[in-house]
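*Asks:* Dropping a structure here in structure tokens format, bear with me for questions.
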Amino acid sequence: MPGSFFDTNVLVYLASGEPAKAERAESIVAGGGTISVQVLNETANVARRKMRLSWEETHAFLSMIRGLLPVEPVTIETHETGLGLAERYGLSTFDAMIAASALLADCDTLWTEDMQDELLIDGRLRIANPFR
């Protein structure tokens, strides 16, 4: 069943000091969806470097996210699919890997503010900026 996939920036807004974006992120995440191991890794990096969370707080935040959303593994298939997407759509390698994970998880919406809003990838994955 198609569903939502969340990019790192949406999850980071859950704990941000921007109330409007935090509320919107909470609303769409509450509807369910999927993330990837890459999203968890990027979230950990942002939590430590930009949000300046302690390791304990970072682990707690990541644990909360893993409790809410299933996690798609990053595989060689993800890598190969992502490279193809980067080439076809001009996405950065990292964004293409997120899109590949979303496709492999059979999602139809990728929530992100980092890619072209309304872009349709492979005729079945729509990029949607939840903060637009």
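Letters for chains follow the order of the structure tokens (A, B, ...), residue numbers begin at 1 for each chain, and ligand numbers begin at 1 in the order shown.
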For Cys107 in chain A, list every protein, DNA or RNA residue within 12 Å, evaluated using only C-alpha atoms, and leave out those in the same chain fewer than 5 positions away; present the list as a list of chain:residue names.

*Replies:*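 These residues fall inside the cut-off: A:Met1, A:Pro2, A:Gly3, A:Ser4, A:Phe5, A:Phe6, A:Gly32, A:Gly33, A:Thr34, A:Ile35, A:Ser36, A:Glu72, A:Ile98, A:Ala99, A:Ala100, A:Ser101, A:Ala102, A:Ile121, A:Asp122, A:Gly123, A:Arg124, A:Leu125, A:Arg126, A:Ile127.
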
*Asks:* Can I get the selection written as a CSV table (one decimal), in the first residue's frame, with N, CA and C atoms?

*Replies:*
```csv
chain,number,residue,atom,x,y,z
A,1,MET,N,0.8,-1.2,0.0
A,1,MET,CA,0.0,0.0,0.0
A,1,MET,C,0.9,1.2,0.0
A,2,PRO,N,0.7,2.1,-1.0
A,2,PRO,CA,1.5,3.4,-1.0
A,2,PRO,C,1.3,4.2,0.2
A,3,GLY,N,2.3,5.0,0.5
A,3,GLY,CA,2.3,5.8,1.7
A,3,GLY,C,3.3,6.9,1.7
A,4,SER,N,3.6,7.5,2.8
A,4,SER,CA,4.5,8.6,3.0
A,4,SER,C,5.9,8.2,3.4
A,5,PHE,N,6.8,8.9,2.9
A,5,PHE,CA,8.2,8.8,3.3
A,5,PHE,C,8.7,10.1,3.7
A,6,PHE,N,9.5,10.2,4.8
A,6,PHE,CA,9.9,11.5,5.4
A,6,PHE,C,11.4,11.7,5.2
A,32,GLY,N,1.5,8.6,9.8
A,32,GLY,CA,2.3,7.4,9.5
A,32,GLY,C,3.1,7.6,8.2
A,33,GLY,N,4.1,6.7,8.1
A,33,GLY,CA,5.0,6.7,7.0
A,33,GLY,C,6.2,5.9,7.3
A,34,THR,N,7.2,6.1,6.4
A,34,THR,CA,8.5,5.3,6.5
A,34,THR,C,9.7,6.3,6.4
A,35,ILE,N,10.8,5.8,7.0
A,35,ILE,CA,12.1,6.5,6.8
A,35,ILE,C,13.1,5.5,6.5
A,36,SER,N,14.3,5.9,6.3
A,36,SER,CA,15.4,5.0,6.0
A,36,SER,C,16.5,5.2,7.0
A,72,GLU,N,13.4,1.7,6.6
A,72,GLU,CA,13.8,1.0,5.4
A,72,GLU,C,15.3,0.9,5.4
A,98,ILE,N,17.6,9.0,-0.8
A,98,ILE,CA,16.3,9.1,0.0
A,98,ILE,C,15.1,8.8,-0.9
A,99,ALA,N,15.1,9.3,-2.2
A,99,ALA,CA,14.1,9.0,-3.1
A,99,ALA,C,14.1,7.5,-3.5
A,100,ALA,N,15.2,6.9,-3.6
A,100,ALA,CA,15.3,5.5,-3.9
A,100,ALA,C,14.7,4.7,-2.8
A,101,SER,N,15.0,5.0,-1.5
A,101,SER,CA,14.5,4.3,-0.4
A,101,SER,C,13.0,4.4,-0.4
A,102,ALA,N,12.4,5.6,-0.7
A,102,ALA,CA,11.0,5.8,-0.8
A,102,ALA,C,10.4,4.9,-1.8
A,121,ILE,N,8.7,11.4,-9.6
A,121,ILE,CA,9.8,10.5,-9.9
A,121,ILE,C,9.3,9.1,-10.3
A,122,ASP,N,9.7,8.7,-11.4
A,122,ASP,CA,9.4,7.4,-12.0
A,122,ASP,C,7.9,7.2,-12.1
A,123,GLY,N,7.1,8.2,-12.2
A,123,GLY,CA,5.7,8.2,-12.4
A,123,GLY,C,4.9,7.7,-11.2
A,124,ARG,N,5.6,7.6,-10.0
A,124,ARG,CA,4.9,7.1,-8.9
A,124,ARG,C,5.3,7.7,-7.5
A,125,LEU,N,6.3,8.5,-7.5
A,125,LEU,CA,6.7,9.1,-6.2
A,125,LEU,C,6.7,10.7,-6.4
A,126,ARG,N,5.8,11.3,-5.7
A,126,ARG,CA,5.6,12.8,-5.8
A,126,ARG,C,6.4,13.4,-4.6
A,127,ILE,N,7.2,14.4,-4.9
A,127,ILE,CA,7.9,15.2,-3.9
A,127,ILE,C,6.9,16.3,-3.4
```

*Asks:* One decimal, in Å: what's the spacing between CA of Asp108 in chain A and CA of Tyr89 in chain A?

*Replies:* 16.8 Å

*Asks:* Quick one: pick out all alpha helix (DSSP H) residues within range 18-90 of chain A from a backbone DSSP run and write them as a count of residues only.

*Replies:* 53

*Asks:* What is the distance between CA of Leu83 in chain A and CA of Arg66 in chain A, in Å to one decimal?

*Replies:*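 Spanning CA of Leu83 in chain A to CA of Arg66 in chain A is a straight-line distance of 26.3 Å.
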
*Asks:* Any chance you could tabulate, as a Markdown table, the residues of range 40-71 of chain A at most 8 Å from range 8-18 of chain A with each one's nearest atom pair and distance in Å to one decimal, using only C-alpha atoms, in chain and rising number order?

*Replies:*
```
| residue | atom | partner | partner_atom | distance |
| --- | --- | --- | --- | --- |
| A:Leu40 | CA | A:Thr8 | CA | 7.5 |
| A:Glu42 | CA | A:Thr8 | CA | 6.4 |
| A:Thr43 | CA | A:Thr8 | CA | 5.8 |
| A:Val46 | CA | A:Val12 | CA | 7.6 |
| A:Ala47 | CA | A:Val12 | CA | 7.7 |
| A:Ile65 | CA | A:Leu11 | CA | 8.0 |
```

*Asks:* Show me, as a compact mmCIF listing (two decimals) with N, CA and C atoms, in the first residue's frame, the residues that have an atom within 7 Å of Pro130 in chain A when counting only C-alpha atoms, minus same-chain residues fewer than 2 positions from it.

*Replies:*
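That gives us around.txt:
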```
# COMPACT_ATOMS: atom_id res chain seq x y z
N TRP A 111 7.93 13.50 1.60
CA TRP A 111 7.80 14.80 2.27
C TRP A 111 9.19 15.37 2.53
N THR A 112 9.50 16.51 1.91
CA THR A 112 10.80 17.15 2.07
C THR A 112 10.71 18.60 1.63
N ALA A 128 6.76 16.38 -2.11
CA ALA A 128 5.82 17.34 -1.52
C ALA A 128 6.51 18.10 -0.39
N ARG A 132 5.26 24.49 2.46
CA ARG A 132 5.01 25.46 1.39
C ARG A 132 3.68 26.13 1.60
```

*Asks:* Between A:Met97, A:Val29, A:Ala60, A:Ala22, which one has atoms that come closest to Glu77 in chain A, using only C-alpha atoms?

*Replies:*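 Among the listed residues, the smallest separation from Glu77 in chain A belongs to A:Met97.
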